[in-house]
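Student: Pasting in a structure now, in structure tokens, and then I'll have a few things to ask.
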Amino acid sequence: MPQRPPARASLPETVLLAATVFLPTAAQGAILRRPRMVRLAAGCDANRRAHRTLAHLRRRHGEGPVSVLVPGRRVLLLLSPQDARHMFTATPATREKAGGLHHFPPDGALIGPTESRPEQRAFNEAVLDRDASAHRLFPALTPRIPEEAQALLTLVGSSGRPLHWEDFSAAFRRITRRIVLGDAARDDHRVTQLLDRLRADADWLTLRKPKERVRDAFLARVRAYADSAEPDSLAALVATAPCPESAEPLGQIPHWLFAYDAVSIAAYSALALLASHPEHAARVRTALDDADPAQPATADALSLLRACILESLRLWPIPPAIHRDTTAETTWHNGTTTPADTTVVFYRSFFHRDPQHLAHADHFEPDAWLDGRNDDNWALAPLSHGPAMLPGQDLVLYTAATLLAALLRDHKALLLLPRRPLAPPLPLPHTIDHTSLRFALTPK
């Protein structure tokens, strides 16, 4: 049977895709969010414009993938969950992503040599307890996270001003450093600044050369923490975990540090959703009121807050798109075929808000993560999907949910800005500027 190529976007459609999908997505930053670009994208609801463009392509070409002419590359846009499933289960990271991540140590699980990736990923999963019901560090995290929550509440209360993203982010990063590197790194802002410089350059992919001096300075600080690893930190687990020669342990630590950032943004946005949906906020407060005074939250409260964070990532995914490269000739669900080395694009913001495959597409529905409605739905990838799913997702979600629980246990959150409510009757925006959100945290 002769091979059939996928439908091809016309020249006007390609221009429209560049203007509404590719350029706005790249401008916001895939590895480090650019606040000004995020603010601009939210102002014009850029993700909604991208959604309309992709919906137009699907109406015109059907649910099969659509190829786009990009100089020097074969690019394929996915438009159906069936093809998304194939992408997530069969393809590794793209050249661009690997090129961006090469600003970091070049032996991480995402970008190391293909033949060593299984060993690197196995090492990651062992340290991050992917297959465990709960990460072994959870008991040690229980006092640390409320400590940082109390410090944040004290800061906001003493200043007399609302909770800003900068304050929340700083607290979350202190927690992240304590979890990954140990308590000694709590106030090591320099290690975070160096990592952010690497991430900012990585957003330019292969257009910028890696800054070796910055990378060396960052790695020197990380190595110092690893060499004197504190108990109850990921650095200590790295020191004791079986590690094949090909899986250089220090190469994984930078990815763990910045993997927390997307979840911190989602947690802050989830706070806005709870402040705008009193019925869900009341359920959280009820669950928190049942907690033992010695514990930050009940299991029910953490489960509900975890679902709220996942729902925040569904509504406003970070970044909006996932890319993969095919490594062999690929046949898609409609029978079309593409050659190896084709860049495949899964635009999360389109799939996550697609009423054709999701009844609650434009509504805040955390229960869908609890009652099974979102299970096995390949249109949803808040933290990726398939074999490439974030191995430490339970750890980062536990961290974020516990922080929200500690903040909300004795306080109510009132959303001050933006003044536009994030609840019915107005539809939820497809793009949100988390940096502009402001909250009044008032004692219950």
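In the structure tokens, the first chain shown is A, the next is B, and so on; residue numbers restart at 1 for each chain, and ligands run from 1 in the order shown.
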Might you pull out every residue within 8 Å of A:Val180, with only C-alpha atoms counted and same-chain residues fewer than 4 positions away left off, and present them as a list of chain:residue names?

Tutor: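 That gives A:Thr176, A:Ser233, A:Leu234, A:Ala235, A:Ile253, A:Trp256, A:Leu257.
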
Student: What's around stretch 21-32 of chain A at 7 Å? Count only C-alpha atoms, leave out sequence neighbours fewer than 5 positions away in its own chain, and write the answer as an mmCIF file with N, CA and C atoms, in the first residue's frame.

Tutor:
```
data_model
loop_
_atom_site.group_PDB
_atom_site.id
_atom_site.type_symbol
_atom_site.label_atom_id
_atom_site.label_comp_id
_atom_site.auth_asym_id
_atom_site.auth_seq_id
_atom_site.Cartn_x
_atom_site.Cartn_y
_atom_site.Cartn_z
ATOM 1 N N MET A 37 6.764 39.244 28.499
ATOM 2 C CA MET A 37 6.092 38.545 27.409
ATOM 3 C C MET A 37 4.845 37.817 27.913
ATOM 4 N N VAL A 38 4.928 37.257 29.121
ATOM 5 C CA VAL A 38 3.759 36.606 29.708
ATOM 6 C C VAL A 38 2.650 37.626 29.932
ATOM 7 N N ALA A 46 -3.302 35.334 24.264
ATOM 8 C CA ALA A 46 -2.629 34.740 23.106
ATOM 9 C C ALA A 46 -2.966 33.267 22.927
ATOM 10 N N ALA A 50 -4.313 31.160 19.612
ATOM 11 C CA ALA A 50 -3.702 29.942 19.104
ATOM 12 C C ALA A 50 -4.734 28.820 19.003
ATOM 13 N N ARG A 199 19.175 29.143 32.250
ATOM 14 C CA ARG A 199 17.839 28.905 31.687
ATOM 15 C C ARG A 199 17.450 29.988 30.697
ATOM 16 N N ALA A 200 17.801 31.239 31.005
ATOM 17 C CA ALA A 200 17.488 32.329 30.078
ATOM 18 C C ALA A 200 18.198 32.123 28.744
ATOM 19 N N ALA A 202 19.139 29.208 27.619
ATOM 20 C CA ALA A 202 18.585 27.995 27.021
ATOM 21 C C ALA A 202 17.324 28.287 26.232
ATOM 22 N N ASP A 203 16.592 29.335 26.603
ATOM 23 C CA ASP A 203 15.389 29.697 25.845
ATOM 24 C C ASP A 203 15.724 30.129 24.419
ATOM 25 N N PRO A 319 5.236 24.811 29.745
ATOM 26 C CA PRO A 319 4.918 25.750 28.675
ATOM 27 C C PRO A 319 3.698 25.264 27.898
ATOM 28 N N PRO A 320 3.156 26.082 26.982
ATOM 29 C CA PRO A 320 1.922 25.696 26.283
ATOM 30 C C PRO A 320 2.084 24.518 25.333
#
```

Student: What separation in Å, quoted to one decimal, exists between atom CA of A:Arg39 and atom CA of A:Ile265?

Tutor: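 Separation of atom CA of A:Arg39 and atom CA of A:Ile265: 13.8 Å.
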
Student: Return as a tab-separated table the residues of stretch 248-316 of chain A lying at most 9 Å from stretch 367-374 of chain A, together with the closest atom-to-atom pair for each and the distance in Å to one decimal, counting only C-alpha atoms, with rows in chain order and ascending residue number.

Tutor:
```
residue	atom	partner	partner_atom	distance
A:Ser303	CA	A:Leu370	CA	8.0
A:Leu304	CA	A:Asp367	CA	7.8
A:Arg306	CA	A:Trp369	CA	8.8
A:Ala307	CA	A:Trp369	CA	5.5
A:Cys308	CA	A:Asp367	CA	8.4
A:Leu310	CA	A:Trp369	CA	7.6
A:Glu311	CA	A:Trp369	CA	7.7
```

Student: Which of stretch 181-368 of chain A end up as strand (DSSP E or B) when DSSP is run on this backbone - answer as an mmCIF file with C-alpha atoms, in the first residue's frame?

Tutor:
```cif
data_model
loop_
_atom_site.group_PDB
_atom_site.id
_atom_site.type_symbol
_atom_site.label_atom_id
_atom_site.label_comp_id
_atom_site.auth_asym_id
_atom_site.auth_seq_id
_atom_site.Cartn_x
_atom_site.Cartn_y
_atom_site.Cartn_z
ATOM 1 C CA ALA A 321 3.514 23.161 23.900
ATOM 2 C CA ILE A 322 5.498 19.899 24.027
ATOM 3 C CA HIS A 323 7.818 18.877 21.180
ATOM 4 C CA ARG A 324 9.241 15.505 20.196
ATOM 5 C CA ASP A 325 11.349 14.175 17.299
ATOM 6 C CA THR A 330 5.744 6.930 11.770
ATOM 7 C CA THR A 331 2.188 6.067 10.775
ATOM 8 C CA THR A 336 -0.739 9.072 7.015
ATOM 9 C CA THR A 337 3.015 8.537 7.326
ATOM 10 C CA THR A 338 5.939 10.808 8.146
ATOM 11 C CA THR A 343 9.414 17.418 14.826
ATOM 12 C CA VAL A 344 5.999 16.672 16.338
ATOM 13 C CA VAL A 345 4.167 19.416 18.245
ATOM 14 C CA PHE A 346 1.536 18.739 20.908
ATOM 15 C CA TYR A 347 0.010 22.127 21.738
#
```

Student: What does the structure give for the distance between atom CA of A:Ala405 and atom CA of A:Gln295, in Å to one decimal?

Tutor: 10.3 Å

Student: Could you please determine the separation between atom CA of A:Asp188 and atom CA of A:Arg174 in Å, to one decimal place?

Tutor: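 Taking atom CA of A:Asp188 as the start and atom CA of A:Arg174 as the end point, the length is 8.4 Å.
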
Student: Quick one: everything within 7 Å of A:Asn47, counting only C-alpha atoms, minus sequence neighbours fewer than 6 positions away in the same chain. Send it as an MDAnalysis selection string.

Tutor: chainID A and resid 349 430:431

Student: Would you mind exporting C-alpha atoms of the selected residues as a CSV table (one decimal), in the first residue's frame?

Tutor:
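What landed in part-v9.csv:
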```csv
chain,number,residue,atom,x,y,z
A,349,SER,CA,-3.2,24.7,25.5
A,430,HIS,CA,-6.8,30.8,28.0
A,431,THR,CA,-3.8,32.8,29.1
```

Student: As a VMD selection string, please: the residues near A:Asn377 (cut-off 9 Å, only C-alpha atoms, same-chain neighbours under 5 positions excluded).

Tutor: chain A and resid 81 85 357
